[in-house]
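Student: You'll find upload.cif just under this line, and it carries mmCIF, C-alpha atoms.
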```
data_entry
#
loop_
_atom_site.label_atom_id
_atom_site.label_comp_id
_atom_site.auth_asym_id
_atom_site.auth_seq_id
_atom_site.Cartn_x
_atom_site.Cartn_y
_atom_site.Cartn_z
CA MET V 59 81.49 90.43 71.50
CA ARG V 60 85.20 90.23 72.24
CA ASP V 61 86.13 88.18 75.33
CA VAL V 62 87.75 91.20 76.96
CA TYR V 63 84.43 93.06 77.13
CA LYS V 64 82.41 90.25 78.73
CA PRO V 65 83.74 90.73 82.31
CA ILE V 66 83.11 94.48 82.01
CA TRP V 67 79.43 93.97 81.10
CA VAL V 68 79.03 91.32 83.81
CA SER V 69 80.50 93.85 86.25
CA ILE V 70 78.17 96.69 85.19
CA VAL V 71 74.97 94.62 85.27
CA GLY V 72 75.92 92.74 88.45
CA ASN V 73 76.91 95.87 90.37
CA VAL V 74 73.74 97.74 89.40
CA LEU V 75 71.57 94.84 90.64
CA LEU V 76 73.56 94.42 93.86
CA ALA V 77 73.54 98.15 94.57
CA LEU V 78 69.77 98.39 94.12
CA ILE V 79 69.13 95.39 96.39
CA LYS V 80 71.47 96.62 99.15
CA ILE V 81 70.24 100.22 99.06
CA ILE V 82 66.53 99.23 99.05
CA VAL V 83 66.98 96.76 101.92
CA GLY V 84 69.20 99.26 103.76
CA LEU V 85 66.61 102.00 103.48
CA TRP V 86 63.80 99.63 104.49
CA TYR V 87 65.58 98.58 107.70
CA SER V 88 67.49 101.87 108.27
CA SER V 89 70.86 100.12 107.95
CA ILE V 90 73.66 102.58 107.26
CA ALA V 91 76.02 99.64 106.69
CA LEU V 92 73.96 98.21 103.81
CA ILE V 93 73.29 101.63 102.28
CA SER V 94 77.01 102.51 102.27
CA ASP V 95 77.84 99.07 100.85
CA GLY V 96 75.28 99.67 98.09
CA VAL V 97 76.85 103.03 97.27
CA HIS V 98 80.22 101.24 97.14
CA SER V 99 78.76 98.88 94.52
CA LEU V 100 77.54 101.87 92.50
CA SER V 101 81.10 103.28 92.56
CA ASP V 102 82.22 99.99 90.97
CA VAL V 103 79.81 100.65 88.09
CA VAL V 104 81.64 103.91 87.37
CA THR V 105 84.98 102.07 87.51
CA SER V 106 83.75 99.42 85.07
CA VAL V 107 82.45 102.04 82.62
CA ILE V 108 85.85 103.76 82.75
CA GLY V 109 87.49 100.38 82.17
CA TYR V 110 85.28 99.69 79.16
CA PHE V 111 86.30 102.90 77.41
CA GLY V 112 89.92 102.35 78.44
CA ILE V 113 89.94 98.98 76.66
CA ARG V 114 88.24 100.47 73.60
CA ILE V 115 90.86 103.22 73.33
CA SER V 116 93.88 100.99 74.04
CA SER V 117 92.84 98.49 71.34
CA LYS V 118 92.76 101.13 68.58
CA PRO V 119 95.36 100.59 65.84
CA PRO V 120 98.34 102.95 65.39
CA ASP V 121 97.62 106.31 63.79
CA GLU V 122 99.48 109.54 63.05
CA SER V 123 99.20 110.82 66.62
CA HIS V 124 100.12 107.45 68.19
CA PRO V 125 102.39 105.63 65.70
CA PHE V 126 103.16 102.81 68.17
CA GLY V 127 99.52 102.23 69.08
CA HIS V 128 97.39 103.18 72.08
CA SER V 129 98.44 100.42 74.50
CA ARG V 130 99.60 102.92 77.13
CA PHE V 131 95.98 103.92 77.71
CA GLU V 132 95.26 100.56 79.36
CA PRO V 133 97.77 100.91 82.24
CA LEU V 134 96.75 104.58 82.51
CA VAL V 135 93.14 103.55 83.17
CA ALA V 136 94.30 100.75 85.50
CA PHE V 137 96.34 103.39 87.37
CA LEU V 138 93.20 105.50 87.76
CA ILE V 139 91.34 102.45 89.09
CA GLY V 140 94.15 101.97 91.61
CA GLU V 141 93.71 105.58 92.72
CA GLY V 142 89.98 104.92 93.05
CA LEU V 143 90.76 102.02 95.39
CA VAL V 144 92.79 104.38 97.59
CA ILE V 145 89.74 106.65 97.87
CA VAL V 146 87.50 103.67 98.67
CA ALA V 147 89.97 102.54 101.36
CA TYR V 148 89.96 106.02 102.87
CA GLU V 149 86.16 106.19 102.91
CA ILE V 150 85.81 102.75 104.52
CA GLY V 151 88.51 103.54 107.09
CA ARG V 152 86.96 106.92 107.91
CA GLU V 153 83.48 105.43 108.30
CA ALA V 154 84.88 102.66 110.51
CA PHE V 155 86.71 105.19 112.68
CA PHE V 156 83.64 107.36 113.21
CA ARG V 157 81.48 104.34 113.99
CA MET V 158 84.00 103.27 116.58
CA LEU V 159 84.18 106.81 117.95
CA TYR V 160 80.48 107.54 118.17
CA GLY V 161 78.94 104.06 118.07
CA SER V 162 75.93 102.98 116.01
CA ILE V 163 73.32 100.37 116.81
CA VAL V 164 71.59 98.50 113.99
CA GLU V 165 68.67 96.13 114.53
CA VAL V 166 69.96 93.12 112.61
CA ASN V 167 67.73 90.50 110.98
CA SER V 168 68.24 87.45 108.75
CA ILE V 169 67.27 89.28 105.55
CA MET V 170 70.11 91.79 106.02
CA LEU V 171 72.60 88.98 106.65
CA ALA V 172 71.34 87.03 103.61
CA ILE V 173 71.73 90.08 101.33
CA THR V 174 75.27 90.56 102.61
CA ILE V 175 76.16 86.91 101.94
CA LEU V 176 74.69 87.20 98.42
CA SER V 177 76.87 90.28 97.82
CA ILE V 178 80.02 88.50 99.04
CA LEU V 179 79.46 85.48 96.78
CA ALA V 180 78.50 87.53 93.73
CA LYS V 181 81.42 89.95 94.04
CA GLU V 182 83.94 87.17 94.59
CA ALA V 183 82.60 85.37 91.50
CA MET V 184 82.98 88.59 89.46
CA ALA V 185 86.51 89.07 90.83
CA ARG V 186 87.61 85.57 89.85
CA TYR V 187 86.06 85.84 86.39
CA SER V 188 87.69 89.23 85.68
CA LEU V 189 91.03 88.03 87.06
CA HIS V 190 90.94 84.86 84.95
CA VAL V 191 90.16 86.70 81.71
CA GLY V 192 92.51 89.58 82.60
CA LYS V 193 95.50 87.26 83.11
CA LYS V 194 94.60 85.23 80.03
CA LEU V 195 94.46 88.35 77.82
CA ASN V 196 97.14 90.31 79.75
CA SER V 197 94.61 93.09 80.38
CA GLN V 198 95.66 95.36 83.24
CA ILE V 199 92.23 97.01 83.27
CA LEU V 200 90.44 93.69 83.91
CA ILE V 201 92.99 92.72 86.56
CA ALA V 202 92.54 96.07 88.33
CA ASP V 203 88.76 95.76 88.02
CA ALA V 204 88.98 92.28 89.55
CA TYR V 205 90.70 93.68 92.62
CA HIS V 206 88.02 96.35 92.80
CA HIS V 207 85.39 93.57 92.86
CA ARG V 208 87.33 91.87 95.63
CA SER V 209 87.45 95.12 97.59
CA ASP V 210 83.66 95.24 97.44
CA ALA V 211 83.47 91.60 98.56
CA LEU V 212 85.76 92.44 101.47
CA SER V 213 83.67 95.45 102.42
CA SER V 214 80.60 93.17 102.37
CA ILE V 215 82.45 90.72 104.61
CA ALA V 216 83.15 93.60 106.96
CA VAL V 217 79.45 94.50 106.90
CA PHE V 218 78.50 90.85 107.56
CA ILE V 219 80.93 90.57 110.47
CA GLY V 220 79.77 93.91 111.80
CA LEU V 221 76.08 93.05 111.57
CA GLY V 222 76.71 89.58 112.99
CA THR V 223 78.73 90.76 115.97
CA GLN V 224 76.27 93.56 116.65
CA LYS V 225 73.52 90.96 116.68
CA LEU V 226 75.57 89.17 119.32
CA GLY V 227 75.99 92.37 121.31
CA PHE V 228 79.48 93.59 120.30
CA GLU V 229 78.93 97.23 119.33
CA TYR V 230 82.23 97.91 117.52
CA GLY V 231 82.51 94.74 115.41
CA ASP V 232 81.69 96.44 112.12
CA ALA V 233 84.14 99.28 112.78
CA LEU V 234 87.08 96.95 113.50
CA ALA V 235 86.29 94.85 110.41
CA GLY V 236 86.10 98.03 108.32
CA LEU V 237 89.58 99.08 109.44
CA VAL V 238 90.97 95.68 108.43
CA VAL V 239 89.36 95.98 104.99
CA ALA V 240 90.71 99.52 104.56
CA ALA V 241 94.25 98.32 105.34
CA PHE V 242 93.94 95.48 102.80
CA LEU V 243 92.65 97.88 100.15
CA VAL V 244 95.59 100.22 100.67
CA LYS V 245 97.99 97.33 99.95
CA VAL V 246 96.07 96.17 96.85
CA SER V 247 95.79 99.71 95.48
CA PHE V 248 99.50 100.38 95.90
CA ASP V 249 100.34 97.08 94.17
CA ILE V 250 98.21 98.17 91.19
CA LEU V 251 99.71 101.67 91.16
CA LEU V 252 103.33 100.50 91.33
CA GLU V 253 102.88 97.87 88.60
CA ASN V 254 101.26 100.28 86.18
CA ILE V 255 103.73 103.08 86.87
CA GLY V 256 106.31 100.70 85.39
CA TYR V 257 104.21 100.14 82.29
CA LEU V 258 103.59 103.87 81.83
CA THR V 259 107.25 104.89 82.23
CA GLY V 260 108.80 102.37 79.83
CA GLN V 261 110.18 99.98 82.43
CA ALA V 262 112.53 97.21 81.29
CA PRO V 263 111.30 93.60 81.50
CA PRO V 264 112.66 91.13 84.08
CA PHE V 265 116.17 89.73 83.58
CA GLU V 266 114.77 86.24 82.90
CA LEU V 267 112.70 87.52 79.99
CA CYS V 268 115.72 89.27 78.45
CA GLU V 269 117.63 85.99 78.67
CA GLU V 270 114.74 84.20 76.94
CA ILE V 271 114.87 86.78 74.13
CA LYS V 272 118.62 86.17 73.69
CA ARG V 273 118.13 82.40 73.76
CA ARG V 274 115.50 82.53 71.02
CA ALA V 275 117.67 84.76 68.84
CA LEU V 276 120.69 82.48 69.24
CA SER V 277 118.56 79.42 68.40
CA VAL V 278 118.26 80.64 64.80
CA PRO V 279 120.89 79.02 62.53
CA ASN V 280 123.80 81.32 61.56
CA VAL V 281 123.17 83.75 64.43
CA LEU V 282 126.64 83.87 65.98
CA GLY V 283 125.99 86.45 68.66
CA VAL V 284 123.55 88.91 70.19
CA HIS V 285 124.39 92.32 71.62
CA ASP V 286 122.92 95.73 72.43
CA LEU V 287 119.61 94.18 73.52
CA ARG V 288 117.12 96.80 74.68
CA ALA V 289 113.53 96.13 75.67
CA HIS V 290 110.92 98.31 77.33
CA TYR V 291 107.19 98.33 77.93
CA VAL V 292 104.91 100.43 75.75
CA GLY V 293 101.79 100.11 77.83
CA ASN V 294 101.69 96.46 78.86
CA ARG V 295 103.37 95.25 75.66
CA LEU V 296 107.10 94.92 75.02
CA HIS V 297 109.12 96.55 72.27
CA VAL V 298 112.46 94.85 71.69
CA GLU V 299 115.54 96.06 69.82
CA LEU V 300 118.68 93.96 69.37
CA HIS V 301 121.71 93.42 67.15
CA ILE V 302 122.57 89.96 65.79
CA GLU V 303 125.89 88.84 64.28
CA VAL V 304 125.93 86.68 61.15
CA PRO V 305 128.76 85.13 59.08
CA PRO V 306 130.32 87.42 56.44
CA GLU V 307 129.82 84.94 53.57
CA LEU V 308 126.02 85.21 53.65
CA THR V 309 124.13 87.00 50.90
CA LEU V 310 122.00 90.04 51.70
CA LYS V 311 118.83 87.98 51.22
CA GLU V 312 120.08 85.25 53.55
CA ALA V 313 120.91 87.79 56.24
CA HIS V 314 117.49 89.39 55.83
CA ASP V 315 115.75 86.01 56.12
CA ILE V 316 117.67 85.28 59.32
CA SER V 317 116.63 88.61 60.83
CA GLU V 318 113.00 87.89 59.96
CA GLU V 319 113.20 84.46 61.62
CA VAL V 320 114.72 86.02 64.76
CA LYS V 321 111.90 88.56 64.78
CA ARG V 322 109.27 85.84 64.37
CA ARG V 323 110.62 83.67 67.19
CA ILE V 324 110.89 86.55 69.66
CA GLU V 325 107.41 87.84 68.84
CA GLU V 326 106.05 84.42 69.87
CA ILE V 327 106.79 85.41 73.47
CA LYS V 328 103.52 86.35 75.15
CA ASP V 329 104.28 89.96 76.18
CA VAL V 330 106.27 90.96 73.08
CA ASP V 331 104.54 93.25 70.58
CA ARG V 332 107.28 94.48 68.22
CA VAL V 333 110.86 93.45 67.51
CA PHE V 334 113.47 95.51 65.68
CA VAL V 335 116.49 93.47 64.49
CA HIS V 336 119.78 94.99 63.30
CA VAL V 337 122.13 92.70 61.37
CA ASP V 338 125.89 92.99 61.91
CA ILE V 339 128.54 91.08 59.98
CA LYS V 340 130.74 89.01 62.28
CA GLY V 341 134.24 90.48 62.38
CA VAL V 342 133.24 93.83 60.84
CA THR V 343 131.58 95.43 63.89
CA GLU V 344 134.09 94.08 66.45
#
```
Any chance you could give the structure as structure tokens?
Tutor:
Amino acid sequence: MRDVYKPIWVSIVGNVLLALIKIIVGLWYSSIALISDGVHSLSDVVTSVIGYFGIRISSKPPDESHPFGHSRFEPLVAFLIGEGLVIVAYEIGREAFFRMLYGSIVEVNSIMLAITILSILAKEAMARYSLHVGKKLNSQILIADAYHHRSDALSSIAVFIGLGTQKLGFEYGDALAGLVVAAFLVKVSFDILLENIGYLTGQAPPFELCEEIKRRALSVPNVLGVHDLRAHYVGNRLHVELHIEVPPELTLKEAHDISEEVKRRIEEIKDVDRVFVHVDIKGVTE
């Protein structure tokens, strides 16, 4: 099994188990908070399944319909996950508002609090695992899924605070905590959306990365200059095009070998997928 799929399967199995536990306990003790938190965990299962198929599609090799590969599908799915987080934030915020407006009393016991703590720890562990693998493999789907895990952990924290404060007699504790979680989710979701909009629309890389590309090209012997550098994201991978200047006395084979070495050195950069090098003779193109 490829490393990229492991966090997805951990997410699916973990969320199904957590959802069943929270919903069963919630129904047993008539806790709307735990039932809604369990439904939230089930929504994460749907997100993870979408992420799984997104990774499968984005990893397909180039074909006639997608000659530069399918890498744009990964930020597209991550974008959809970001939109899902907006919906989750809205639902949590709405539920918190209505609880504050109408009030709800839950008879809290230690089993309910223990289940909530278990959910917080499990979801945070899933978030850290997905984030670690996602950053290691530069997978936007896993990174987005990690933030979705964290949103569920935060909603469980809100439930824990709400149940705890209600046990202490403060009726609106869960509603206030829910509003805080909803606000955090809005920020996280917009961060995901804005980042992946850049990947989907062919955004240029940061200035520092362009300078690194130039530096690597100029480090090759007999490369006298670099110009007309263009780089843009195709999905979450970079395509680079640049012109290099070489001395006029070189043979065609020597110039070709230099261009191949430039290509090799630039493609060693983590985010770079393809490099297209044009060779110009120094003094001819000026």
Student: Return as number ranges by chain the set of residues that the PyMOL selection byres ((chain V and resi 79) around 12) yields on the displayed structure.
Tutor: V: 72-78, 80-86, 92-93, 95-97, 99-100, 169-170, 172-174, 176-177
Student: For Ser209 in chain V, which residue among V:Val144, V:Leu267, V:Met158, V:Leu195 is the nearest when counting only C-alpha atoms?
Tutor: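 When distances to Ser209 in chain V are compared using only C-alpha atoms, the smallest one comes from V:Val144.
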Student: Which residues, protein or nucleic acid, reach to within 7 Å of (84.4, 96.7, 103.9) in the file's coordinates when using all atoms listed in the file, and can you give that as number ranges by chain?
Tutor: V: 150, 210, 212-217, 236, 239-240
Student: Take the residues just selected and output them with C-alpha atoms as a CSV table (one decimal), keeping the file's coordinate frame.
Tutor:
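The result, stored in selection-v4.csv:
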```
chain,number,residue,atom,x,y,z
V,150,ILE,CA,85.8,102.8,104.5
V,210,ASP,CA,83.7,95.2,97.4
V,212,LEU,CA,85.8,92.4,101.5
V,213,SER,CA,83.7,95.4,102.4
V,214,SER,CA,80.6,93.2,102.4
V,215,ILE,CA,82.4,90.7,104.6
V,216,ALA,CA,83.2,93.6,107.0
V,217,VAL,CA,79.4,94.5,106.9
V,236,GLY,CA,86.1,98.0,108.3
V,239,VAL,CA,89.4,96.0,105.0
V,240,ALA,CA,90.7,99.5,104.6
```
Student: Quick one: which residues end up in the PyMOL selection byres ((chain V and resi 252-261) around 12) for this structure, as a PyMOL selection string?
Tutor: chain V and resi 128-141+197-199+201-202+245-251+262-265+288-298+329
Student: Looking at all atoms listed in the file, which of V:Pro305, V:Gly222, V:Tyr187, V:His285 is the one that sits closest to Arg273 in chain V?
Tutor: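 Nearest candidate to Arg273 in chain V out of V:Pro305, V:Gly222, V:Tyr187, V:His285: V:His285.
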Student: So which residues get picked by the PyMOL selection byres ((chain V and resi 69) around 12) here, written as a PyMOL selection string?
Tutor: chain V and resi 63-68+70-77+99-110+180-188+200+203-204+206-208+210
Student: May I ask which of the residues V:Glu266, V:Glu153, V:Glu318, V:Asp286 is the closest one to Leu237 in chain V, counting all atoms listed in the file?
Tutor: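 Answer, going by the shortest atom-to-atom distance: V:Glu153.
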Student: For CA of Arg322 in chain V and CA of Ser277 in chain V, determine how far apart the two atoms are, in Å to one decimal place.
Tutor: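 Interatomic distance, CA of Arg322 in chain V to CA of Ser277 in chain V: 12.0 Å.
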Student: Out of V:Val335, V:Val320, V:Leu276, V:Val284, which residue has the shortest atom-to-atom distance to Glu299 in chain V when counting only C-alpha atoms?
Tutor: V:Val335
Student: I'd like the interatomic distance between CA of Ile327 in chain V and CA of Glu122 in chain V, to a tenth of an Å.
Tutor: 27.3 Å
Student: Considering only C-alpha atoms, state which residue in the set V:Pro120, V:Asp315, V:Thr223, V:Ile324 is at the smallest distance from Glu269 in chain V.
Tutor: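 Result for the nearest residue to Glu269 in chain V: V:Ile324.
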Student: Find, counting all atoms listed in the file, the residue in V:Val62, V:Gly192, V:Ala241, V:Val304 that gets nearest to Arg152 in chain V.
Tutor: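 Residue with the minimum atom-to-atom distance to Arg152 in chain V: V:Ala241.
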